[in-house]
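**Student:** Sharing input_10.cif, mmCIF, C-alpha atoms:
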data_coords
loop_
_atom_site.label_atom_id
_atom_site.label_comp_id
_atom_site.auth_asym_id
_atom_site.auth_seq_id
_atom_site.Cartn_x
_atom_site.Cartn_y
_atom_site.Cartn_z
CA MET A 1 140.94 100.06 -23.56
CA SER A 2 137.95 99.41 -21.70
CA HIS A 3 134.49 98.69 -23.28
CA PRO A 4 131.19 99.55 -21.68
CA TYR A 5 129.86 96.03 -22.36
CA PRO A 6 131.69 92.88 -21.59
CA VAL A 7 133.30 91.18 -24.59
CA GLY A 8 132.46 87.57 -25.52
CA GLY A 9 129.85 85.27 -23.88
CA HIS A 10 126.57 86.13 -22.17
CA GLU A 11 124.79 85.60 -18.92
CA LEU A 12 121.56 83.79 -18.52
CA PRO A 13 118.90 84.82 -16.12
CA PRO A 14 119.08 82.84 -12.91
CA GLN A 15 115.75 81.19 -13.54
CA MET A 16 116.94 79.74 -16.80
CA SER A 17 119.93 78.00 -15.35
CA GLY A 18 120.09 74.30 -14.59
CA SER A 19 118.88 71.26 -16.51
CA ALA A 20 115.60 70.90 -14.64
CA SER A 21 114.57 74.36 -15.41
CA LEU A 22 115.42 73.87 -19.03
CA ALA A 23 113.21 70.77 -19.31
CA SER A 24 110.35 72.50 -17.67
CA ALA A 25 110.53 75.27 -20.01
CA ALA A 26 110.37 72.92 -22.98
CA LEU A 27 106.74 71.41 -22.12
CA PRO A 28 103.79 73.75 -21.49
CA PRO A 29 101.35 72.71 -18.67
CA ALA A 30 98.29 70.48 -19.74
CA ALA A 31 94.69 71.81 -19.45
CA PRO A 32 92.32 69.91 -16.94
CA ARG A 33 89.82 67.24 -18.53
CA LYS A 34 85.98 67.71 -18.25
CA LYS A 35 83.97 64.81 -16.61
CA HIS A 36 80.55 63.47 -18.37
CA THR A 37 79.72 60.49 -16.05
CA GLY A 38 76.76 62.12 -14.33
CA ALA A 39 74.98 62.93 -17.58
CA ILE A 40 75.39 59.42 -18.85
CA LEU A 41 74.02 57.92 -15.68
CA ALA A 42 71.05 60.29 -15.79
CA SER A 43 70.32 59.30 -19.35
CA LEU A 44 70.54 55.64 -18.53
CA GLY A 45 68.20 56.11 -15.58
CA LEU A 46 65.64 57.95 -17.68
CA LEU A 47 65.79 55.25 -20.32
CA ALA A 48 65.19 52.57 -17.69
CA VAL A 49 62.16 54.44 -16.42
CA VAL A 50 60.81 54.74 -19.94
CA VAL A 51 61.35 51.03 -20.54
CA VAL A 52 59.63 50.12 -17.27
CA ILE A 53 56.69 52.39 -17.99
CA ALA A 54 56.39 51.01 -21.49
CA GLY A 55 56.44 47.46 -20.11
CA VAL A 56 53.82 48.28 -17.52
CA GLN A 57 51.74 50.00 -20.16
CA LEU A 58 51.94 47.04 -22.52
CA SER A 59 51.17 44.62 -19.73
CA ALA A 60 48.21 46.73 -18.65
CA HIS A 61 46.83 46.75 -22.21
CA ALA A 62 47.31 43.01 -22.58
CA GLY A 63 45.65 42.37 -19.24
CA TYR A 64 42.71 44.56 -20.14
CA ASP A 65 42.30 42.90 -23.56
CA SER A 66 42.37 39.46 -21.98
CA ALA A 67 39.83 40.47 -19.34
CA GLU A 68 37.62 42.05 -21.98
CA ASP A 69 37.71 38.91 -24.15
CA ALA A 70 36.90 36.73 -21.15
CA TYR A 71 33.99 38.97 -20.20
CA ARG A 72 32.62 38.97 -23.73
CA ASP A 73 32.81 35.17 -23.75
CA SER A 74 30.88 35.03 -20.47
CA VAL A 75 28.25 37.40 -21.88
CA SER A 76 27.89 35.16 -24.94
CA ALA A 77 27.49 32.10 -22.71
CA ALA A 78 24.83 33.94 -20.70
CA ALA A 79 23.01 34.78 -23.94
CA VAL A 80 22.96 31.10 -24.92
CA SER A 81 21.62 30.12 -21.51
CA ALA A 82 19.03 32.89 -21.72
CA GLU A 83 17.83 31.63 -25.09
CA GLY A 84 17.45 28.13 -23.68
CA LEU A 85 15.59 29.46 -20.66
CA ARG A 86 13.21 31.45 -22.84
CA ALA A 87 12.31 28.27 -24.69
CA GLU A 88 11.73 26.43 -21.42
CA VAL A 89 9.63 29.26 -20.03
CA GLY A 90 7.61 29.39 -23.24
CA THR A 91 6.84 25.70 -22.91
CA LEU A 92 6.04 26.07 -19.22
CA ARG A 93 3.73 29.03 -19.82
CA ALA A 94 1.90 27.17 -22.58
CA THR A 95 1.52 24.16 -20.31
CA THR A 96 0.32 26.09 -17.26
CA ASP A 97 -2.01 28.24 -19.37
CA ALA A 98 -3.60 25.12 -20.87
CA ALA A 99 -3.90 23.48 -17.46
CA ALA A 100 -5.40 26.65 -15.98
CA LEU A 101 -7.95 26.65 -18.80
CA ILE A 102 -8.82 23.06 -17.96
CA LEU A 103 -9.33 23.96 -14.31
CA ALA A 104 -11.38 27.02 -15.20
CA ASN A 105 -13.77 24.89 -17.26
CA ASN A 106 -13.96 22.02 -14.81
CA SER A 107 -17.52 21.55 -13.58
CA GLY A 108 -16.61 18.68 -11.29
CA THR A 109 -18.82 16.34 -13.31
CA LEU A 110 -15.97 14.32 -14.81
CA LEU A 111 -12.75 15.47 -13.13
CA ASP A 112 -12.51 14.14 -9.57
CA ALA A 113 -11.52 16.32 -6.62
CA ALA A 114 -8.15 14.67 -5.97
CA SER A 115 -7.03 15.08 -9.58
CA THR A 116 -8.26 18.66 -9.61
CA GLU A 117 -6.30 19.52 -6.47
CA ALA A 118 -3.09 17.89 -7.70
CA LEU A 119 -3.30 19.71 -11.02
CA GLY A 120 -4.04 23.00 -9.28
CA VAL A 121 -0.91 22.69 -7.11
CA ALA A 122 1.26 21.87 -10.13
CA VAL A 123 -0.13 24.87 -12.03
CA SER A 124 0.51 27.27 -9.15
CA GLU A 125 4.08 26.06 -8.73
CA GLY A 126 4.64 26.20 -12.47
CA GLN A 127 3.39 29.77 -12.70
CA ALA A 128 5.66 30.84 -9.84
CA THR A 129 8.64 29.16 -11.49
CA ALA A 130 7.89 30.89 -14.79
CA SER A 131 7.62 34.30 -13.11
CA ALA A 132 10.95 33.85 -11.32
CA ALA A 133 12.60 32.79 -14.57
CA GLU A 134 11.20 35.81 -16.38
CA ASP A 135 12.64 38.05 -13.66
CA ALA A 136 16.05 36.44 -14.24
CA LEU A 137 15.73 36.99 -17.97
CA SER A 138 15.09 40.68 -17.41
CA VAL A 139 18.59 41.14 -15.94
CA SER A 140 20.92 43.04 -18.30
CA LEU A 141 24.68 42.55 -18.22
CA PRO A 142 26.76 45.81 -18.35
CA GLU A 143 28.62 46.92 -21.45
CA THR A 144 32.43 46.81 -21.50
CA GLY A 145 32.70 50.56 -22.01
CA GLN A 146 35.46 52.60 -23.68
CA LYS A 147 38.96 51.23 -23.25
CA PRO A 148 41.23 53.70 -21.40
CA PHE A 149 44.86 54.31 -22.37
CA TRP A 150 47.02 54.80 -19.28
CA PHE A 151 48.05 51.81 -17.23
CA TRP A 152 46.71 53.19 -13.95
CA GLU A 153 43.26 53.45 -15.58
CA LEU A 154 43.63 50.09 -17.32
CA PHE A 155 44.35 48.27 -14.08
CA GLY A 156 41.14 49.57 -12.52
CA GLU A 157 39.06 48.75 -15.56
CA THR A 158 40.60 45.29 -15.82
CA GLN A 159 39.58 44.58 -12.26
CA ARG A 160 36.08 45.80 -13.05
CA LEU A 161 35.89 43.49 -16.08
CA ASP A 162 37.03 40.53 -13.97
CA GLU A 163 34.28 41.28 -11.45
CA GLN A 164 31.72 41.61 -14.25
CA ARG A 165 32.89 38.32 -15.75
CA ALA A 166 32.39 36.59 -12.41
CA GLY A 167 28.92 38.12 -12.22
CA ALA A 168 28.11 37.03 -15.77
CA GLU A 169 29.23 33.49 -15.05
CA ALA A 170 27.07 33.40 -11.93
CA HIS A 171 24.16 34.75 -13.99
CA THR A 172 24.72 32.04 -16.59
CA GLY A 173 24.59 29.38 -13.89
CA ASP A 174 21.40 30.90 -12.52
CA LEU A 175 19.77 30.91 -15.96
CA THR A 176 20.75 27.29 -16.50
CA ASP A 177 19.35 26.26 -13.12
CA ARG A 178 16.10 28.10 -13.78
CA GLY A 179 15.81 26.39 -17.15
CA GLU A 180 16.02 23.04 -15.41
CA ASP A 181 13.45 24.20 -12.85
CA ALA A 182 11.11 25.27 -15.66
CA GLY A 183 11.45 21.89 -17.35
CA THR A 184 10.73 20.12 -14.07
CA ALA A 185 7.69 22.31 -13.41
CA ALA A 186 6.27 21.68 -16.88
CA ALA A 187 6.78 17.95 -16.40
CA ALA A 188 4.93 18.15 -13.08
CA VAL A 189 1.92 19.76 -14.76
CA ASN A 190 1.93 17.06 -17.42
CA ASP A 191 2.39 14.31 -14.86
CA SER A 192 -0.68 15.43 -12.94
CA GLY A 193 -2.72 16.69 -15.88
CA VAL A 194 -2.55 13.75 -18.29
CA PRO A 195 -3.81 11.19 -15.73
CA ALA A 196 -6.49 13.66 -14.64
CA LEU A 197 -7.78 13.93 -18.21
CA ALA A 198 -7.66 10.15 -18.57
CA THR A 199 -9.85 9.91 -15.48
CA ALA A 200 -12.26 12.48 -16.89
CA ALA A 201 -12.47 10.57 -20.18
CA SER A 202 -13.24 7.30 -18.43
CA SER A 203 -15.86 9.05 -16.31
CA ALA A 204 -17.78 9.87 -19.47
CA SER A 205 -19.04 6.29 -19.74
CA THR A 206 -20.28 6.47 -16.16
CA LEU A 207 -22.08 9.70 -16.99
CA GLU A 208 -23.64 8.12 -20.06
CA ALA A 209 -24.86 5.13 -18.05
CA ALA A 210 -26.43 7.48 -15.53
CA HIS A 211 -28.31 9.39 -18.26
CA VAL A 212 -29.70 6.72 -20.57
CA SER A 213 -32.55 8.91 -21.72
CA ALA A 214 -30.21 11.44 -23.33
CA ARG A 215 -30.57 11.88 -27.07
CA ASN A 216 -28.45 9.64 -29.26
CA LEU A 217 -26.49 12.36 -30.99
CA ASP A 218 -25.60 13.96 -27.67
CA VAL A 219 -24.37 10.62 -26.34
CA ILE A 220 -22.31 10.09 -29.48
CA ALA A 221 -20.79 13.56 -29.10
CA LEU A 222 -19.86 12.67 -25.52
CA ARG A 223 -18.17 9.46 -26.63
CA GLU A 224 -16.22 11.22 -29.36
CA ALA A 225 -15.11 13.97 -26.99
CA ALA A 226 -14.04 11.38 -24.41
CA GLU A 227 -12.00 9.58 -27.05
CA GLU A 228 -10.22 12.80 -27.96
CA VAL A 229 -9.39 13.49 -24.32
CA SER A 230 -8.21 9.93 -23.72
CA SER A 231 -5.64 10.33 -26.50
CA THR A 232 -4.00 13.23 -24.67
CA THR A 233 -0.29 12.73 -24.01
CA SER A 234 0.61 16.24 -22.86
CA ILE A 235 -1.10 19.28 -21.45
CA ASP A 236 -1.32 21.84 -24.22
CA GLU A 237 -3.85 23.93 -26.10
CA TYR A 238 -5.16 20.85 -27.89
CA ALA A 239 -5.70 19.07 -24.56
CA ALA A 240 -7.51 22.08 -23.11
CA ASP A 241 -9.79 22.36 -26.15
CA ALA A 242 -10.53 18.63 -25.99
CA PHE A 243 -11.43 18.84 -22.31
CA ILE A 244 -13.66 21.87 -22.86
CA ALA A 245 -15.45 19.96 -25.63
CA LEU A 246 -15.88 17.00 -23.28
CA GLU A 247 -17.30 19.22 -20.55
CA SER A 248 -19.69 20.76 -23.07
CA ALA A 249 -20.77 17.34 -24.30
CA ALA A 250 -21.33 16.15 -20.74
CA THR A 251 -23.45 19.18 -19.99
CA GLN A 252 -25.48 18.57 -23.14
CA VAL A 253 -26.08 14.92 -22.25
CA VAL A 254 -27.52 15.92 -18.90
CA ALA A 255 -29.60 18.67 -20.47
CA SER A 256 -30.95 16.48 -23.26
CA GLU A 257 -32.00 13.77 -20.84
CA GLN A 258 -33.85 16.33 -18.79
CA ALA A 259 -35.58 17.53 -21.96
CA GLU A 260 -36.51 13.96 -22.98
CA ILE A 261 -37.92 13.15 -19.57
CA ALA A 262 -39.86 16.41 -19.58
CA GLU A 263 -41.44 15.37 -22.90
CA LYS A 264 -42.65 12.18 -21.23
CA ALA A 265 -44.16 13.98 -18.27
CA GLY A 266 -47.67 12.97 -17.22
CA PRO A 267 -49.43 9.92 -15.83
CA LEU A 268 -47.62 7.53 -18.20
CA GLN A 269 -44.11 8.85 -17.56
CA GLY A 270 -43.05 6.08 -15.18
CA THR A 271 -44.40 3.33 -17.44
CA ARG A 272 -42.86 4.86 -20.54
CA LEU A 273 -39.44 4.85 -18.89
CA GLU A 274 -39.99 1.24 -17.85
CA VAL A 275 -40.81 0.27 -21.46
CA GLU A 276 -37.68 2.06 -22.68
CA ALA A 277 -35.53 0.24 -20.12
CA PHE A 278 -37.01 -3.06 -21.31
CA ALA A 279 -36.17 -2.23 -24.93
CA ARG A 280 -32.58 -1.32 -24.04
CA SER A 281 -32.17 -4.61 -22.21
CA LEU A 282 -32.96 -6.47 -25.43
CA ALA A 283 -30.25 -4.69 -27.43
CA PRO A 284 -27.32 -3.89 -25.15
CA GLY A 285 -24.78 -1.62 -26.79
CA VAL A 286 -27.24 -0.10 -29.25
CA LEU A 287 -28.10 3.53 -28.70
CA LEU A 288 -31.88 3.89 -28.49
CA GLU A 289 -33.92 7.04 -28.34
CA PHE A 290 -37.70 7.05 -27.83
CA ASP A 291 -40.57 9.24 -28.90
CA TRP A 292 -44.15 8.77 -27.72
CA SER A 293 -47.37 9.82 -29.43
CA GLN A 294 -51.03 8.89 -29.25
CA ILE A 295 -50.95 7.44 -32.77
CA VAL A 296 -47.85 5.94 -34.41
CA ASN A 297 -47.78 4.39 -37.87
CA GLY A 298 -51.54 4.65 -38.00
CA PHE A 299 -52.25 2.72 -34.79
CA GLY A 300 -52.82 3.55 -31.15
CA LEU A 301 -56.57 3.88 -30.68
CA ASP A 302 -59.22 1.33 -29.73
CA GLY A 303 -56.75 -1.03 -28.13
CA GLY A 304 -54.37 -1.00 -31.06
CA MET A 305 -50.67 -0.36 -30.77
CA GLY A 306 -48.30 1.34 -33.15
CA GLY A 307 -44.55 1.36 -33.49
CA TYR A 308 -42.03 2.74 -35.97
CA THR A 309 -38.22 2.59 -35.95
CA THR A 310 -35.58 4.56 -37.80
CA TRP A 311 -31.99 3.44 -37.61
CA TRP A 312 -28.59 4.62 -38.85
CA TYR A 313 -25.66 2.43 -39.82
CA ASP A 314 -23.11 4.77 -38.32
CA ASP A 315 -20.28 4.08 -35.91
CA PRO A 316 -21.79 3.58 -33.49
CA GLY A 317 -25.14 2.66 -34.99
CA TYR A 318 -28.20 4.12 -33.33
CA ALA A 319 -31.97 4.16 -33.66
CA THR A 320 -35.10 6.08 -32.71
CA ILE A 321 -38.15 4.04 -31.72
CA GLU A 322 -41.58 5.65 -31.81
CA LEU A 323 -44.30 4.04 -29.72
CA SER A 324 -47.99 4.76 -29.23
CA ASP A 325 -49.19 5.68 -25.78
CA SER A 326 -51.27 2.51 -25.80
CA VAL A 327 -48.09 0.43 -25.50
CA ALA A 328 -47.48 2.02 -22.09
CA GLU A 329 -51.16 1.87 -21.19
CA GLN A 330 -51.23 -1.92 -21.72
CA TRP A 331 -47.78 -2.59 -20.30
CA PRO A 332 -46.53 -5.21 -19.45
CA SER A 333 -48.88 -7.32 -21.53
CA ALA A 334 -47.45 -9.94 -23.91
CA MET A 335 -48.82 -7.86 -26.79
CA SER A 336 -46.90 -4.77 -25.66
CA GLN A 337 -43.67 -6.69 -25.13
CA ALA A 338 -43.92 -8.45 -28.49
CA LEU A 339 -44.46 -5.19 -30.36
CA VAL A 340 -41.53 -3.56 -28.58
CA ALA A 341 -39.38 -6.62 -29.41
CA HIS A 342 -40.27 -6.24 -33.10
CA GLU A 343 -39.18 -2.60 -33.09
CA VAL A 344 -35.95 -3.46 -31.28
CA GLY A 345 -35.36 -6.07 -33.99
CA HIS A 346 -35.18 -3.20 -36.47
CA ALA A 347 -32.89 -1.19 -34.19
CA ILE A 348 -30.44 -4.02 -33.49
CA SER A 349 -29.89 -4.55 -37.19
CA VAL A 350 -27.26 -1.79 -36.97
CA LYS A 351 -25.05 -4.49 -35.44
CA CYS A 352 -25.96 -7.23 -37.95
CA ALA A 353 -26.52 -5.58 -41.32
CA ASP A 354 -24.60 -8.34 -43.07
CA LEU A 355 -26.95 -11.09 -41.81
CA TYR A 356 -29.94 -10.23 -43.99
CA ASP A 357 -31.06 -8.41 -47.10
CA ASP A 358 -32.32 -4.96 -46.17
CA SER A 359 -32.97 -3.82 -49.71
CA THR A 360 -36.76 -4.42 -49.54
CA GLN A 361 -39.36 -3.49 -46.97
CA ASP A 362 -40.67 -7.05 -46.94
CA SER A 363 -37.26 -8.45 -46.05
CA ILE A 364 -36.77 -5.79 -43.38
CA GLU A 365 -40.09 -6.66 -41.69
CA LYS A 366 -39.41 -10.39 -41.89
CA TRP A 367 -36.07 -9.81 -40.20
CA ALA A 368 -37.61 -7.83 -37.29
CA THR A 369 -40.37 -10.38 -36.85
CA GLY A 370 -37.90 -13.28 -36.98
CA TRP A 371 -35.69 -11.52 -34.44
CA ALA A 372 -38.62 -11.05 -32.01
CA ILE A 373 -39.51 -14.74 -32.41
CA SER A 374 -35.85 -15.75 -31.87
CA MET A 375 -35.96 -13.82 -28.61
CA GLY A 376 -39.02 -15.82 -27.44
CA PHE A 377 -41.79 -13.30 -28.06
CA THR A 378 -44.58 -15.33 -29.62
CA ASP A 379 -47.55 -12.95 -29.45
CA ASP A 380 -48.71 -12.00 -32.93
CA ALA A 381 -47.81 -8.38 -32.15
CA ASN A 382 -44.25 -9.52 -32.81
CA GLY A 383 -44.96 -8.78 -36.48
CA VAL A 384 -46.76 -11.96 -37.51
CA TRP A 385 -50.15 -10.24 -37.42
CA ALA A 386 -49.01 -7.41 -39.68
CA TYR A 387 -46.43 -9.14 -41.93
CA GLY A 388 -46.97 -12.87 -41.66
CA TYR A 389 -44.75 -15.59 -40.27
CA PRO A 390 -41.17 -15.25 -41.53
CA PRO A 391 -39.16 -18.09 -43.11
CA GLN A 392 -37.13 -20.17 -40.67
CA SER A 393 -33.97 -18.91 -42.34
CA TYR A 394 -34.77 -15.40 -41.08
CA ILE A 395 -35.38 -16.65 -37.57
CA ASP A 396 -32.10 -18.58 -37.62
CA ALA A 397 -30.15 -15.63 -38.97
CA ALA A 398 -31.72 -13.26 -36.43
CA ALA A 399 -30.78 -15.65 -33.63
CA GLY A 400 -27.17 -14.80 -34.39
CA CYS A 401 -27.72 -11.11 -33.76
CA ARG A 402 -27.45 -10.18 -30.12
#
Write out the structure in this file as structure tokens.

**Tutor:**
Amino acid sequence: MSHPYPVGGHELPPQMSGSASLASAALPPAAPRKKHTGAILASLGLLAVVVVIAGVQLSAHAGYDSAEDAYRDSVSAAAVSAEGLRAEVGTLRATTDAAALILANNSGTLLDAASTEALGVAVSEGQATASAAEDALSVSLPETGQKPFWFWELFGETQRLDEQRAGAEAHTGDLTDRGEDAGTAAAAVNDSGVPALATAASSASTLEAAHVSARNLDVIALREAAEEVSSTTSIDEYAADAFIALESAATQVVASEQAEIAEKAGPLQGTRLEVEAFARSLAPGVLLEFDWSQIVNGFGLDGGMGGYTTWWYDDPGYATIELSDSVAEQWPSAMSQALVAHEVGHAISVKCADLYDDSTQDSIEKWATGWAISMGFTDDANGVWAYGYPPQSYIDAAAGCR
């Protein structure tokens, strides 16, 4: 009998037949892999950029800090140089100011023209040097300013700091050079001023010799002022004050002589001055001042002569001799000369106080009389008439006083 379906076995579809087809059917196809290489490279590139920027940034900060430190050091060095220059300028100004004061008070009486000119040149140059130094000291160095953050700003500011450092170093060198110039200028004022003052001091003795009729105390003031000036070793306020005092003393010597000569005006003036010169010749080195009157010590009329002397044991010793007009009227008689010699004997005792006893008036008069005799004045007006002949011991002692 026939069946509608075949009996036993089965048929496979055509595509399932064969070994190759069977193997293929056993393994499903693999899915494609995704690729990440581009992302990694991008990340690495970004990281490199960050690292480079960070390095540049750090380098820029370090460079700026180094430049800033160097600039601050140069500013500090400039400050030290400025302080030194201020000290030099202060000394120079004090020196030139003192010298200018000397020149302003110079009458030309004691300070010679050549010394005056040399000092004037040194002062002018010193003042110019001081002014230029003060201009340099007025220069202000710039501040460092606020530190920026980004490297492109830091590089610019670092360059600016380097330029400022170079400027500060140049400024420091300029300040140092000007300090040396100031020291040289001050030395120049001293080198011309000190010898000039020494010349003025030595000129005081010439002035004194030319004005012998000046009053004793004025002459002594001149000598003391000259001694102060001669001790000058630098031109400063002390030196200027000493010179001004010397100029004042010199002016007073001239004025006092004029006043003394005016007091002796009249017909006897010439003879009076001749008598005074004679007296000074007997006692060189002793300051003598003279006063004249019609009657002195009770004498002066009817052919009589009077004299009176006051002396001071100072350093230097000095004396004032009073003479009656009759001494000049009878000059140069032996009587007049002998009386003058007796009075000079009193005056010269300022040099020989240890040679006799001046505790009594009798001893004092014997000394003056003995001195006049020892000088060869034998007229009784030598003191013999008034006080008697002195012991030989007085004459011998007085002979040692010259």

**Student:** Return as a VMD selection string the set of residues that the PyMOL selection byres ((chain A and resi 84-96) around 6) yields on the displayed structure.

**Tutor:** chain A and resid 81 to 83 97 to 100 123 130 179 182 186 235 to 236

**Student:** Using all atoms listed in the file, can you tell me which of A:Ala136, A:Leu119, A:Ile395, A:Ala168 comes closest to Ser192 of chain A?

**Tutor:**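 Closest to Ser192 of chain A of all the choices is A:Leu119.
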
**Student:** Write out as a ChimeraX atom specification the residues lying within 10 Å of Ala210 of chain A, counting only C-alpha atoms and excluding same-chain residues fewer than 6 positions away.

**Tutor:** /A:204,254,257

**Student:** Name the residues within 12 Å of (-42.1, -16.5, -33.4), counting all atoms listed in the file in the file's coordinates, and put them as a PyMOL selection string.

**Tutor:** chain A and resi 338-339+341-342+366-385+388-392+394-396+398-399

**Student:** Measuring between all atoms listed in the file, which one of A:Thr109, A:Gln146, A:Ser66, A:Ala353 shows the shortest distance to Glu208 of chain A?

**Tutor:**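 Smallest separation from Glu208 of chain A among the options: A:Thr109.
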
**Student:** Could you check which of A:Asp112, A:Glu224, A:Asp314, A:Asp362 is closest to Val350 of chain A, using all atoms listed in the file?

**Tutor:** A:Asp314

**Student:** Calculated over only C-alpha atoms, which of the candidates A:Leu141, A:Ala279, A:Ala245, A:Ala42 has the smallest distance to Ser76 of chain A?

**Tutor:**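 For Ser76 of chain A, the nearest of the given residues is A:Leu141.
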
**Student:** Report the distance between atom CA of Ser248 of chain A and atom CA of Thr116 of chain A in Å, rounded to one decimal place.

**Tutor:**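 According to the coordinates, atom CA of Ser248 of chain A and atom CA of Thr116 of chain A are separated by 17.8 Å.
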
**Student:** Find the residue from A:Ala283, A:Cys352, A:Ala240, A:Leu154 that sits nearest to Glu68 of chain A; use only C-alpha atoms when measuring.

**Tutor:**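 So, comparing all the options, the nearest one is A:Leu154.
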
**Student:** Could you spell out the hits of the PyMOL selection byres ((chain A and resi 115) around 10) on the shown file, as a list of chain:residue names?

**Tutor:** A:Leu111, A:Asp112, A:Ala113, A:Ala114, A:Thr116, A:Glu117, A:Ala118, A:Leu119, A:Gly120, A:Ser192, A:Gly193, A:Val194, A:Pro195, A:Ala196, A:Leu197, A:Thr199, A:Ala200

**Student:** Taking C-alpha atoms for each residue, export the selection above as a PDB file, in the frame of the given file.

**Tutor:**
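That gives us again36.pdb:
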ATOM      1  CA  LEU A 111     -12.750  15.470 -13.130  1.00  0.00           C
ATOM      2  CA  ASP A 112     -12.510  14.140  -9.570  1.00  0.00           C
ATOM      3  CA  ALA A 113     -11.520  16.320  -6.620  1.00  0.00           C
ATOM      4  CA  ALA A 114      -8.150  14.670  -5.970  1.00  0.00           C
ATOM      5  CA  THR A 116      -8.260  18.660  -9.610  1.00  0.00           C
ATOM      6  CA  GLU A 117      -6.300  19.520  -6.470  1.00  0.00           C
ATOM      7  CA  ALA A 118      -3.090  17.890  -7.700  1.00  0.00           C
ATOM      8  CA  LEU A 119      -3.300  19.710 -11.020  1.00  0.00           C
ATOM      9  CA  GLY A 120      -4.040  23.000  -9.280  1.00  0.00           C
ATOM     10  CA  SER A 192      -0.680  15.430 -12.940  1.00  0.00           C
ATOM     11  CA  GLY A 193      -2.720  16.690 -15.880  1.00  0.00           C
ATOM     12  CA  VAL A 194      -2.550  13.750 -18.290  1.00  0.00           C
ATOM     13  CA  PRO A 195      -3.810  11.190 -15.730  1.00  0.00           C
ATOM     14  CA  ALA A 196      -6.490  13.660 -14.640  1.00  0.00           C
ATOM     15  CA  LEU A 197      -7.780  13.930 -18.210  1.00  0.00           C
ATOM     16  CA  THR A 199      -9.850   9.910 -15.480  1.00  0.00           C
ATOM     17  CA  ALA A 200     -12.260  12.480 -16.890  1.00  0.00           C
TER      18      ALA A 200
END

**Student:** Find, counting all atoms listed in the file, the residue in A:Ile220, A:Val75, A:Ala198, A:Ala132 that gets nearest to Ala239 of chain A.

**Tutor:**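 Going through A:Ile220, A:Val75, A:Ala198, A:Ala132 one by one, the smallest distance to Ala239 of chain A is for A:Ala198.
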
**Student:** Mind giving me the straight-line distance from atom CA of Leu355 of chain A to atom CA of Cys401 of chain A in Å, one decimal?

**Tutor:**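 For atom CA of Leu355 of chain A relative to atom CA of Cys401 of chain A, the distance reads 8.1 Å.
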
**Student:** If we count all atoms listed in the file, what is near Ile348 of chain A at a cut-off of 9 Å, once residues fewer than 3 positions away on the same chain are taken out, given as a PyMOL selection string?

**Tutor:** chain A and resi 282-284+286+311+317-319+343-345+351-353+368+401-402

**Student:** Between atom CA of Ser140 of chain A and atom CA of Ala128 of chain A, what is the spacing in Å?

**Tutor:** 21.3 Å

**Student:** Would you translate the PyMOL selection byres ((chain A and resi 74) around 12) into the concrete set of residues it matches in this file, as a compact mmCIF listing (two decimals) with C-alpha atoms, in the coordinates of the input?

**Tutor:**
# COMPACT_ATOMS: atom_id res chain seq x y z
CA ALA A 67 39.83 40.47 -19.34
CA GLU A 68 37.62 42.05 -21.98
CA ASP A 69 37.71 38.91 -24.15
CA ALA A 70 36.90 36.73 -21.15
CA TYR A 71 33.99 38.97 -20.20
CA ARG A 72 32.62 38.97 -23.73
CA ASP A 73 32.81 35.17 -23.75
CA VAL A 75 28.25 37.40 -21.88
CA SER A 76 27.89 35.16 -24.94
CA ALA A 77 27.49 32.10 -22.71
CA ALA A 78 24.83 33.94 -20.70
CA ALA A 79 23.01 34.78 -23.94
CA VAL A 80 22.96 31.10 -24.92
CA SER A 81 21.62 30.12 -21.51
CA LEU A 141 24.68 42.55 -18.22
CA PRO A 142 26.76 45.81 -18.35
CA THR A 144 32.43 46.81 -21.50
CA LEU A 161 35.89 43.49 -16.08
CA ASP A 162 37.03 40.53 -13.97
CA GLU A 163 34.28 41.28 -11.45
CA GLN A 164 31.72 41.61 -14.25
CA ARG A 165 32.89 38.32 -15.75
CA ALA A 166 32.39 36.59 -12.41
CA GLY A 167 28.92 38.12 -12.22
CA ALA A 168 28.11 37.03 -15.77
CA GLU A 169 29.23 33.49 -15.05
CA ALA A 170 27.07 33.40 -11.93
CA HIS A 171 24.16 34.75 -13.99
CA THR A 172 24.72 32.04 -16.59
CA GLY A 173 24.59 29.38 -13.89

**Student:** Using all atoms listed in the file, determine which residues lie at most 7 Å from Ile295 of chain A, disregarding the query and same-chain residues fewer than 5 positions distant; provide the list as a PyMOL selection string.

**Tutor:** chain A and resi 300-301+306+324
